[in-house]
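**Q** This one is entry.cif, mmCIF, C-alpha atoms.
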data_coords
loop_
_atom_site.label_atom_id
_atom_site.label_comp_id
_atom_site.auth_asym_id
_atom_site.auth_seq_id
_atom_site.Cartn_x
_atom_site.Cartn_y
_atom_site.Cartn_z
CA MET A 33 0.00 0.00 0.00
CA ALA A 34 2.81 2.38 0.93
CA ASP A 35 4.50 1.75 -2.40
CA GLY A 36 1.27 2.55 -4.22
CA VAL A 37 0.87 5.85 -2.34
CA THR A 38 4.48 6.76 -3.04
CA THR A 39 4.09 6.03 -6.76
CA ALA A 40 0.92 8.11 -6.96
CA SER A 41 2.58 11.00 -5.13
CA SER A 42 5.53 10.87 -7.53
CA ALA A 43 3.19 10.95 -10.51
CA VAL A 44 1.39 14.00 -9.12
CA ALA A 45 4.73 15.69 -8.47
CA ARG A 46 5.81 15.10 -12.06
CA THR A 47 2.49 16.35 -13.41
CA ARG A 48 2.61 19.68 -11.57
CA PRO A 49 5.67 21.09 -13.38
CA THR A 50 4.19 19.99 -16.70
CA ARG A 51 0.93 21.77 -16.00
CA ALA A 52 2.78 24.81 -14.76
CA ALA A 53 4.86 24.92 -17.94
CA LEU A 54 1.75 24.54 -20.09
CA THR A 55 0.01 27.32 -18.17
CA TRP A 56 3.06 29.54 -18.65
CA VAL A 57 3.02 28.89 -22.41
CA VAL A 58 -0.70 29.66 -22.65
CA VAL A 59 -0.32 32.88 -20.67
CA ARG A 60 2.66 34.03 -22.73
CA TRP A 61 0.82 33.15 -25.94
CA ARG A 62 -2.16 35.27 -24.95
CA LEU A 63 0.11 38.19 -24.14
CA LEU A 64 1.57 38.24 -27.64
CA PRO A 65 0.23 40.92 -30.03
CA TRP A 66 -2.57 39.59 -32.22
CA TRP A 67 -0.56 40.05 -35.41
CA LEU A 68 2.34 38.01 -34.02
CA ARG A 69 0.03 35.18 -33.01
CA ILE A 70 -1.50 35.10 -36.50
CA THR A 71 1.99 35.15 -38.01
CA VAL A 72 2.96 32.10 -35.95
CA VAL A 73 -0.25 30.31 -36.95
CA TYR A 74 0.33 31.13 -40.61
CA ALA A 75 3.96 30.02 -40.50
CA LEU A 76 3.10 26.69 -38.81
CA SER A 77 0.29 26.05 -41.28
CA ARG A 78 2.64 26.67 -44.19
CA VAL A 79 5.18 24.26 -42.72
CA LEU A 80 2.45 21.63 -42.55
CA THR A 81 1.40 22.25 -46.14
CA THR A 82 5.03 22.19 -47.28
CA VAL A 83 5.42 18.74 -45.72
CA LEU A 84 2.30 17.52 -47.55
CA MET A 85 3.42 19.05 -50.85
CA SER A 86 6.93 17.65 -50.50
CA GLY A 87 5.52 14.18 -49.88
CA PHE A 88 3.63 14.32 -53.16
CA ALA A 89 6.66 15.78 -54.97
CA ARG A 90 8.73 12.78 -53.88
CA ILE A 91 6.35 10.38 -55.64
CA GLN A 92 5.65 12.62 -58.63
CA THR A 93 6.55 11.01 -61.94
CA ALA A 94 7.78 12.94 -64.98
CA ASN A 95 5.00 14.82 -66.77
CA SER A 96 4.43 17.78 -69.08
CA PHE A 97 5.20 20.20 -66.24
CA THR A 98 8.12 18.70 -64.32
CA VAL A 99 10.76 16.02 -64.22
CA GLN A 100 10.46 13.05 -61.90
CA HIS A 101 10.72 13.91 -58.18
CA PRO A 102 10.73 17.69 -58.74
CA SER A 103 11.92 20.26 -56.23
CA TYR A 104 9.32 22.03 -54.15
CA LEU A 105 9.49 25.24 -56.21
CA SER A 106 9.08 23.33 -59.45
CA PHE A 107 6.20 21.26 -58.04
CA ALA A 108 4.52 24.44 -56.75
CA SER A 109 4.61 26.04 -60.21
CA ILE A 110 2.68 23.51 -62.28
CA TRP A 111 -0.84 23.73 -63.76
CA ASP A 112 -1.86 27.42 -64.02
CA GLY A 113 1.62 28.32 -62.82
CA ALA A 114 2.87 27.28 -66.25
CA TRP A 115 0.53 29.83 -67.85
CA TYR A 116 1.67 32.57 -65.47
CA ARG A 117 5.26 31.72 -66.38
CA VAL A 118 4.43 32.22 -70.08
CA ILE A 119 2.76 35.56 -69.36
CA ALA A 120 5.67 36.74 -67.22
CA ALA A 121 8.09 35.81 -70.01
CA THR A 122 6.26 36.82 -73.19
CA GLY A 123 3.01 38.57 -72.28
CA TYR A 124 -0.26 37.85 -74.09
CA PRO A 125 -0.72 36.61 -77.68
CA SER A 126 -2.01 39.03 -80.30
CA THR A 127 -3.37 36.08 -82.30
CA LEU A 128 -5.64 33.53 -80.66
CA PRO A 129 -4.73 29.86 -81.15
CA VAL A 130 -7.47 27.80 -82.81
CA ASP A 131 -8.01 24.11 -83.50
CA ALA A 132 -8.79 22.46 -86.83
CA ALA A 133 -12.47 23.36 -86.49
CA GLY A 134 -11.68 27.02 -85.83
CA HIS A 135 -12.46 26.96 -82.11
CA VAL A 136 -10.29 29.05 -79.81
CA THR A 137 -8.09 26.81 -77.67
CA GLU A 138 -6.63 27.35 -74.18
CA ASN A 139 -4.36 30.40 -74.01
CA ALA A 140 -3.00 33.09 -71.71
CA TRP A 141 -5.96 35.47 -72.04
CA ALA A 142 -7.81 33.44 -69.41
CA PHE A 143 -5.47 34.85 -66.73
CA MET A 144 -5.43 38.40 -65.33
CA PRO A 145 -2.17 40.40 -65.59
CA ALA A 146 -1.49 41.85 -62.11
CA TYR A 147 0.10 38.74 -60.60
CA PRO A 148 2.37 37.64 -63.49
CA PHE A 149 3.44 41.23 -64.18
CA THR A 150 4.29 41.71 -60.50
CA VAL A 151 6.35 38.52 -60.62
CA ARG A 152 8.04 39.69 -63.81
CA ALA A 153 8.98 43.04 -62.25
CA LEU A 154 10.49 41.33 -59.20
CA MET A 155 12.35 38.85 -61.40
CA THR A 156 13.90 41.77 -63.26
CA VAL A 157 14.92 43.51 -60.04
CA THR A 158 16.25 40.44 -58.21
CA GLY A 159 17.42 38.21 -61.05
CA ALA A 160 15.65 35.27 -59.35
CA SER A 161 13.78 32.54 -61.19
CA PHE A 162 10.06 32.63 -61.95
CA GLU A 163 9.38 29.72 -59.57
CA PHE A 164 11.17 31.38 -56.66
CA VAL A 165 9.54 34.79 -57.09
CA ALA A 166 6.07 33.48 -57.91
CA VAL A 167 5.90 31.22 -54.85
CA TRP A 168 7.26 33.91 -52.53
CA VAL A 169 4.80 36.51 -53.83
CA SER A 170 1.98 34.10 -53.02
CA LEU A 171 3.48 33.22 -49.64
CA LEU A 172 3.79 36.86 -48.57
CA ALA A 173 0.38 37.77 -50.00
CA GLY A 174 -1.13 34.86 -48.07
CA TRP A 175 0.48 36.15 -44.88
CA GLY A 176 -1.02 39.58 -45.52
CA ALA A 177 -4.38 37.98 -46.27
CA ALA A 178 -4.30 36.10 -42.94
CA LEU A 179 -3.60 39.33 -41.05
CA VAL A 180 -6.36 41.23 -42.84
CA PHE A 181 -8.72 38.28 -42.38
CA ARG A 182 -8.16 38.40 -38.62
CA ARG A 183 -8.84 42.14 -38.60
CA LEU A 184 -12.01 41.60 -40.60
CA MET A 185 -13.24 38.81 -38.32
CA GLY A 186 -12.39 40.98 -35.31
CA ARG A 187 -14.95 43.54 -36.48
CA PHE A 188 -17.73 41.04 -35.75
CA LEU A 189 -16.46 38.25 -33.50
CA ASP A 190 -14.78 38.12 -30.11
CA PRO A 191 -10.98 37.63 -30.20
CA THR A 192 -11.09 33.88 -29.56
CA ARG A 193 -13.56 33.18 -32.34
CA ALA A 194 -11.84 35.60 -34.71
CA THR A 195 -8.52 33.85 -34.14
CA PHE A 196 -10.04 30.40 -34.60
CA ALA A 197 -11.65 31.53 -37.85
CA THR A 198 -8.18 32.63 -38.98
CA VAL A 199 -6.74 29.23 -38.03
CA LEU A 200 -9.35 27.63 -40.29
CA PHE A 201 -8.44 30.13 -43.00
CA CYS A 202 -4.78 29.08 -42.76
CA VAL A 203 -5.39 25.31 -42.84
CA ALA A 204 -8.34 25.25 -45.24
CA PRO A 205 -8.36 22.44 -47.84
CA VAL A 206 -7.26 24.84 -50.59
CA SER A 207 -4.87 26.90 -48.45
CA VAL A 208 -2.14 25.38 -50.65
CA MET A 209 -2.90 28.40 -52.84
CA PHE A 210 -0.94 30.52 -50.36
CA GLN A 211 2.33 28.93 -51.45
CA VAL A 212 2.08 28.06 -55.14
CA ALA A 213 2.48 30.05 -58.36
CA TYR A 214 -1.18 31.08 -58.56
CA ALA A 215 -2.81 34.53 -58.30
CA GLU A 216 -5.29 33.42 -55.61
CA ALA A 217 -3.29 34.63 -52.59
CA MET A 218 -2.73 38.08 -54.09
CA GLY A 219 -6.37 38.29 -55.14
CA LEU A 220 -7.61 37.19 -51.73
CA LEU A 221 -5.44 39.78 -49.98
CA LEU A 222 -6.97 42.54 -52.11
CA LEU A 223 -10.50 41.17 -51.69
CA LEU A 224 -10.25 40.98 -47.90
CA LEU A 225 -8.77 44.46 -47.78
CA ALA A 226 -11.66 45.77 -49.89
CA LEU A 227 -14.19 44.07 -47.59
CA LEU A 228 -12.48 45.50 -44.51
CA LEU A 229 -12.62 48.98 -46.02
CA LEU A 230 -16.30 48.43 -46.83
CA VAL A 231 -17.04 47.49 -43.23
CA GLN A 232 -15.13 50.61 -42.15
CA ARG A 233 -17.13 52.68 -44.70
CA ARG A 234 -13.93 53.98 -46.31
CA PHE A 235 -15.38 53.99 -49.81
CA TRP A 236 -12.94 56.31 -51.55
CA THR A 237 -9.98 54.32 -50.21
CA MET A 238 -11.57 51.22 -51.73
CA LEU A 239 -11.19 52.48 -55.29
CA PRO A 240 -7.49 51.63 -55.92
CA VAL A 241 -7.95 48.31 -54.12
CA VAL A 242 -10.95 47.42 -56.29
CA LEU A 243 -9.03 48.40 -59.41
CA LEU A 244 -6.12 46.11 -58.52
CA LEU A 245 -8.49 43.32 -57.49
CA GLY A 246 -10.26 43.44 -60.84
CA ILE A 247 -7.02 42.86 -62.76
CA THR A 248 -5.78 40.15 -60.39
CA ARG A 249 -8.75 37.80 -60.30
CA PRO A 250 -12.06 37.95 -62.24
CA THR A 251 -14.15 39.26 -59.35
CA GLY A 252 -14.96 42.78 -60.56
CA LEU A 253 -18.57 42.07 -61.55
CA ALA A 254 -19.23 40.12 -58.36
CA PHE A 255 -17.89 42.94 -56.20
CA SER A 256 -19.96 45.43 -58.19
CA LEU A 257 -23.06 43.37 -57.40
CA LEU A 258 -22.09 43.40 -53.72
CA MET A 259 -21.93 47.19 -53.75
CA VAL A 260 -25.29 47.44 -55.51
CA LEU A 261 -26.84 45.20 -52.84
CA PHE A 262 -25.12 47.29 -50.14
CA VAL A 263 -26.65 50.50 -51.50
CA LEU A 264 -30.11 48.95 -51.79
CA VAL A 265 -30.04 47.67 -48.22
CA GLY A 266 -28.63 51.01 -47.04
CA VAL A 267 -31.59 52.79 -48.60
CA LEU A 268 -34.32 50.32 -47.62
CA ARG A 269 -33.13 48.65 -44.36
CA PRO A 270 -30.12 50.56 -42.99
CA ALA A 271 -30.40 48.94 -39.55
CA LEU A 272 -29.28 45.64 -41.08
CA LEU A 273 -25.96 47.31 -41.89
CA ARG A 274 -25.73 49.00 -38.48
CA MET A 275 -26.32 52.41 -40.09
CA PRO A 276 -27.84 55.17 -37.95
CA GLU A 277 -29.88 56.47 -40.90
CA ARG A 278 -30.79 55.65 -44.48
CA LEU A 279 -28.44 56.36 -47.33
CA THR A 280 -29.40 59.61 -49.03
CA LEU A 281 -28.64 60.79 -52.55
CA ARG A 282 -25.45 62.37 -51.23
CA THR A 283 -24.24 59.56 -48.95
CA ALA A 284 -25.04 56.90 -51.56
CA VAL A 285 -22.62 58.46 -54.07
CA PRO A 286 -19.34 56.93 -52.70
CA PRO A 287 -20.53 53.28 -52.60
CA THR A 288 -22.26 53.76 -55.95
CA VAL A 289 -19.02 55.01 -57.49
CA VAL A 290 -17.26 51.91 -56.12
CA ALA A 291 -19.96 49.74 -57.71
CA VAL A 292 -19.55 51.45 -61.09
CA VAL A 293 -15.74 51.33 -61.01
CA SER A 294 -15.73 47.66 -60.02
CA GLY A 295 -18.20 46.83 -62.78
CA LEU A 296 -16.12 48.69 -65.36
CA VAL A 297 -12.89 46.98 -64.33
CA GLY A 298 -14.75 43.67 -64.49
CA LEU A 299 -15.55 44.40 -68.14
CA ALA A 300 -12.15 45.91 -68.93
CA TRP A 301 -10.20 42.68 -69.41
CA PRO A 302 -12.56 41.25 -72.06
CA ALA A 303 -12.38 44.65 -73.79
CA ILE A 304 -8.57 44.62 -73.69
CA ALA A 305 -8.46 41.09 -75.09
CA TRP A 306 -10.76 42.25 -77.90
CA ALA A 307 -8.59 45.31 -78.61
CA VAL A 308 -5.34 43.31 -78.75
CA THR A 309 -6.58 40.30 -80.73
CA GLY A 310 -9.28 41.91 -82.82
CA VAL A 311 -11.72 39.19 -81.73
CA PRO A 312 -14.77 40.58 -79.86
CA ARG A 313 -15.25 37.42 -77.79
CA ALA A 314 -11.56 36.64 -77.29
CA TYR A 315 -11.84 36.36 -73.50
CA THR A 316 -15.13 34.44 -73.31
CA ASP A 317 -14.11 32.08 -76.12
CA THR A 318 -10.85 31.42 -74.27
CA GLU A 319 -12.72 30.61 -71.08
CA LEU A 320 -15.09 28.32 -72.98
CA ALA A 321 -12.09 26.33 -74.20
CA TRP A 322 -11.53 24.99 -70.68
CA ARG A 323 -15.00 23.45 -70.50
CA SER A 324 -15.05 22.06 -74.05
CA SER A 325 -13.44 18.79 -72.93
CA TYR A 326 -16.48 18.21 -70.70
CA ILE A 327 -19.50 19.32 -72.73
CA GLY A 328 -18.05 20.23 -76.11
CA TRP A 329 -18.19 23.64 -77.74
CA SER A 330 -21.19 25.83 -76.97
CA GLU A 331 -22.14 29.45 -76.48
CA LEU A 332 -21.96 31.09 -73.05
CA VAL A 333 -25.56 31.42 -71.87
CA PRO A 334 -25.66 33.06 -68.41
CA PHE A 335 -26.96 30.92 -65.54
CA THR A 336 -26.84 27.67 -67.53
CA PRO A 337 -23.28 26.41 -66.77
CA TRP A 338 -24.11 24.97 -63.37
CA VAL A 339 -27.13 23.11 -64.70
CA GLN A 340 -24.93 21.78 -67.50
CA GLY A 341 -22.13 20.96 -65.09
CA PHE A 342 -24.24 19.12 -62.52
CA GLY A 343 -25.94 17.31 -65.38
CA TRP A 344 -22.57 16.20 -66.75
CA TRP A 345 -21.20 15.06 -63.38
CA PHE A 346 -24.34 13.44 -61.95
CA ARG A 347 -26.67 13.00 -64.94
CA GLN A 348 -30.24 14.27 -65.00
CA PRO A 349 -32.51 14.66 -63.16
CA ALA A 350 -30.13 13.88 -60.26
CA GLY A 351 -27.87 16.79 -61.25
CA THR A 352 -30.60 19.42 -61.07
CA ILE A 353 -31.92 18.01 -57.79
CA LEU A 354 -28.45 18.07 -56.26
CA LEU A 355 -27.85 21.62 -57.50
CA VAL A 356 -31.05 22.76 -55.80
CA VAL A 357 -29.96 21.03 -52.58
CA VAL A 358 -26.57 22.78 -52.74
CA LEU A 359 -28.12 26.22 -53.29
CA VAL A 360 -30.68 25.72 -50.52
CA GLY A 361 -27.90 24.56 -48.20
CA PHE A 362 -25.82 27.63 -49.01
CA ALA A 363 -28.80 29.91 -48.34
CA ALA A 364 -29.46 28.11 -45.05
CA VAL A 365 -25.88 28.72 -43.91
CA VAL A 366 -25.75 32.37 -44.99
CA PHE A 367 -29.14 33.39 -43.64
CA GLN A 368 -29.36 31.31 -40.48
CA PRO A 369 -29.76 33.47 -37.34
CA ALA A 370 -26.27 32.60 -36.07
CA ALA A 371 -24.72 33.88 -39.32
CA ARG A 372 -25.82 37.40 -38.43
CA ARG A 373 -22.82 37.50 -36.11
CA ILE A 374 -20.44 38.06 -39.03
CA GLY A 375 -22.29 41.04 -40.46
CA LEU A 376 -24.50 41.47 -43.49
CA GLU A 377 -21.68 42.81 -45.66
CA LEU A 378 -19.79 39.52 -45.60
CA ARG A 379 -22.92 37.47 -46.19
CA LEU A 380 -23.93 39.70 -49.09
CA TRP A 381 -20.48 39.14 -50.57
CA GLY A 382 -21.02 35.39 -50.40
CA VAL A 383 -24.35 35.79 -52.19
CA ALA A 384 -22.94 38.16 -54.84
CA TYR A 385 -19.99 35.91 -55.59
CA LEU A 386 -22.17 32.80 -55.83
CA VAL A 387 -24.55 34.59 -58.21
CA TYR A 388 -21.55 35.54 -60.36
CA LEU A 389 -20.32 31.92 -60.41
CA LEU A 390 -23.79 30.64 -61.26
CA ALA A 391 -23.88 33.05 -64.20
CA VAL A 392 -20.54 32.24 -65.84
CA PHE A 393 -18.58 29.40 -64.22
CA PHE A 394 -18.74 25.74 -65.26
CA PRO A 395 -18.28 23.54 -62.14
CA GLN A 396 -15.31 21.22 -62.47
CA SER A 397 -12.31 20.09 -60.43
CA SER A 398 -11.14 23.70 -59.96
CA THR A 399 -14.42 24.60 -58.22
CA TRP A 400 -12.92 24.18 -54.74
CA ARG A 401 -10.20 26.72 -55.54
CA ILE A 402 -12.68 29.07 -57.18
CA LEU A 403 -14.74 29.07 -53.95
CA LEU A 404 -11.80 30.45 -51.94
CA PRO A 405 -13.15 34.06 -52.06
CA ILE A 406 -16.09 33.10 -49.83
CA ALA A 407 -13.56 32.47 -47.03
CA PRO A 408 -15.18 35.19 -44.83
CA LEU A 409 -18.02 32.72 -44.24
CA LEU A 410 -15.55 30.74 -42.12
CA GLY A 411 -16.63 33.15 -39.40
CA VAL A 412 -19.86 31.16 -39.20
CA VAL A 413 -17.96 27.87 -38.94
CA ALA A 414 -15.88 29.33 -36.10
CA LEU A 415 -18.84 30.21 -33.86
CA PRO A 416 -19.10 27.02 -31.70
CA ARG A 417 -16.83 27.18 -28.64
CA SER A 418 -16.45 23.43 -28.05
CA ARG A 419 -12.78 22.40 -27.96
CA VAL A 420 -13.65 19.00 -29.36
CA TYR A 421 -15.45 20.68 -32.26
CA ARG A 422 -12.53 23.01 -32.95
CA VAL A 423 -9.90 20.29 -32.88
CA ALA A 424 -12.04 18.04 -35.08
CA THR A 425 -12.63 20.87 -37.56
CA VAL A 426 -8.91 21.61 -37.89
CA VAL A 427 -8.08 17.91 -38.30
CA LEU A 428 -10.80 17.56 -40.94
CA ALA A 429 -9.44 20.60 -42.81
CA VAL A 430 -5.94 19.09 -42.89
CA VAL A 431 -7.28 15.74 -44.08
CA LEU A 432 -9.22 17.50 -46.84
CA GLN A 433 -6.08 19.44 -47.74
CA TRP A 434 -4.27 16.14 -48.34
CA THR A 435 -7.30 14.86 -50.26
CA TRP A 436 -7.35 17.93 -52.49
CA LEU A 437 -3.63 17.57 -53.19
CA TYR A 438 -4.11 13.92 -54.09
CA PHE A 439 -7.02 14.39 -56.47
CA CYS A 440 -6.30 17.83 -57.93
CA TRP A 441 -2.64 18.89 -57.64
CA TRP A 442 -0.57 15.72 -57.93
CA VAL A 443 -0.28 14.70 -61.61
CA ASP A 444 -1.22 11.04 -61.86
CA GLY A 445 -0.63 9.97 -65.47
CA TYR A 446 -3.21 11.52 -67.79
CA ASP A 447 -4.76 13.91 -65.31
CA TRP A 448 -8.03 15.63 -66.21
CA THR A 449 -8.69 17.12 -62.76
CA PRO A 450 -6.68 20.37 -62.72
CA PRO A 451 -6.82 22.39 -59.48
#
Could you quickly redo this structure as structure tokens?
**A**
Amino acid sequence: MADGVTTASSAVARTRPTRAALTWVVVRWRLLPWWLRITVVYALSRVLTTVLMSGFARIQTANSFTVQHPSYLSFASIWDGAWYRVIAATGYPSTLPVDAAGHVTENAWAFMPAYPFTVRALMTVTGASFEFVAVWVSLLAGWGAALVFRRLMGRFLDPTRATFATVLFCVAPVSVMFQVAYAEAMGLLLLLLALLLLVQRRFWTMLPVVLLLGITRPTGLAFSLLMVLFVLVGVLRPALLRMPERLTLRTAVPPTVVAVVSGLVGLAWPAIAWAVTGVPRAYTDTELAWRSSYIGWSELVPFTPWVQGFGWWFRQPAGTILLVVVLVGFAAVVFQPAARRIGLELRLWGVAYLVYLLAVFFPQSSTWRILLPIAPLLGVVALPRSRVYRVATVVLAVVLQWTWLYFCWWVDGYDWTPP
């Protein structure tokens, strides 16, 4: 009996220093500035993703993008990264490539210029390779996006929830985009900054951000719709936007100007493609080339691609039924009472962006990446306080990150599921 008591006492004695050390770490962590905590979270999440990416690189066979067992930088610059490399090196073609039937084939006009031109400028200044600069631009832009995301969440949620939402942002299934040669990280940084400025009602400051956003990722029309919805709600139900009074003719001018500018920049790239190539539908025909391998060549009819896409993936009528279920589920998440915690502006953005996708985007394997701009809705996912829930959610996100890499990024022979 005495030996048993002694052993138990020793175990308690050993446990106390461990608990004291853990308490010290927790206290010191909470005393750190918010931006430093988010930086640590972002850095750790990128280390995790680098490990996952490197694992796939080690088993990657030779393909049209890389040699066998490529380096990390080479592996992180495949798929659309190859197009951005072409743009950074040679710009955009003045003549559209066509197939034997005269259809426009895949080409650089599908990609906005801000990211590859930024990479090109830094390559010229530093003398570094495309892969090195492109990945580092994304990595730094992703860091900035994480910081702005935390600020944005902090406008609506308490610090603990806002930080957890940012953790989910950093480990999300498609957070690989923060460290590959894609424009998503840069675009997301600009989008989150524009949303933060909207919440702060700094409309005139939004203008240069919206301009850059519109030439980084094709979100100009979606953001214009957001601003139109914002003005309508501000006139009809200002309390929903926490406004003390309705928007008047004078106070509605700044957000209306932002809506117009965003809409114009959203139309500018198709107009530029037309001017350079002499083909009026150069941009839309280029985009249609990416879906031709699924449903063949067809005209772009707004609000039909998702019906076509779900019909192709799941056949009819199952495709239409599933599409309705998805849309109803999205509406249930965005408009549930708990979602009011993150503010109407962010929920309206989710609606505006989804409407834009429904109008023009054909759902395929890149859909998960294309949905990255609705990341502010992670604030809703972060609401429950249960530790078990939070740990399980993070683990699930990491598992889905590996799953996404396996099915979309890693090139497995003839791969028709580009990220």
**Q** Using all atoms listed in the file, which residue out of A:Tyr421, A:Phe342, A:Trp441, A:Phe188 lies closest to A:Gly375?
**A** A:Phe188
**Q** Using only C-alpha atoms, what does the table of stretch 130-246 of chain A residues within 9 Å of stretch 103-107 of chain A look like, with each row giving the shortest atom pair and its distance in Å to one decimal, sorted by chain and ascending number, as a tab-separated table?
**A**
residue	atom	partner	partner_atom	distance
A:Glu163	CA	A:Leu105	CA	5.6
A:Phe164	CA	A:Leu105	CA	6.4
A:Val167	CA	A:Leu105	CA	7.1
A:Val212	CA	A:Leu105	CA	8.0
A:Ala213	CA	A:Leu105	CA	8.8
**Q** From the options A:Leu229, A:Val151, A:Leu299, A:Leu410, which residue's atoms come nearest to A:Arg117, counting all atoms listed in the file?
**A**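 Using all atoms listed in the file, A:Arg117 sits closest to A:Val151.
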**Q** Taking the file as shown, what set of residues would the PyMOL selection byres ((chain A and resi 380-382) around 8) give back, as a PDB file with C-alpha atoms, in the frame of the given file?
**A**
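Dumped everything to out.pdb:
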ATOM      1  CA  ALA A 254     -19.230  40.120 -58.360  1.00  0.00           C
ATOM      2  CA  PHE A 255     -17.890  42.940 -56.200  1.00  0.00           C
ATOM      3  CA  LEU A 258     -22.090  43.400 -53.720  1.00  0.00           C
ATOM      4  CA  LEU A 261     -26.840  45.200 -52.840  1.00  0.00           C
ATOM      5  CA  PHE A 262     -25.120  47.290 -50.140  1.00  0.00           C
ATOM      6  CA  VAL A 366     -25.750  32.370 -44.990  1.00  0.00           C
ATOM      7  CA  LEU A 376     -24.500  41.470 -43.490  1.00  0.00           C
ATOM      8  CA  GLU A 377     -21.680  42.810 -45.660  1.00  0.00           C
ATOM      9  CA  LEU A 378     -19.790  39.520 -45.600  1.00  0.00           C
ATOM     10  CA  ARG A 379     -22.920  37.470 -46.190  1.00  0.00           C
ATOM     11  CA  VAL A 383     -24.350  35.790 -52.190  1.00  0.00           C
ATOM     12  CA  ALA A 384     -22.940  38.160 -54.840  1.00  0.00           C
ATOM     13  CA  TYR A 385     -19.990  35.910 -55.590  1.00  0.00           C
ATOM     14  CA  LEU A 386     -22.170  32.800 -55.830  1.00  0.00           C
ATOM     15  CA  ILE A 406     -16.090  33.100 -49.830  1.00  0.00           C
ATOM     16  CA  LEU A 409     -18.020  32.720 -44.240  1.00  0.00           C
TER      17      LEU A 409
END
**Q** Using all atoms listed in the file, which of the listed residues (A:Ala153, A:Ala424, A:Ile247, A:Ala321) sits closest to A:Val165?
**A** A:Ala153
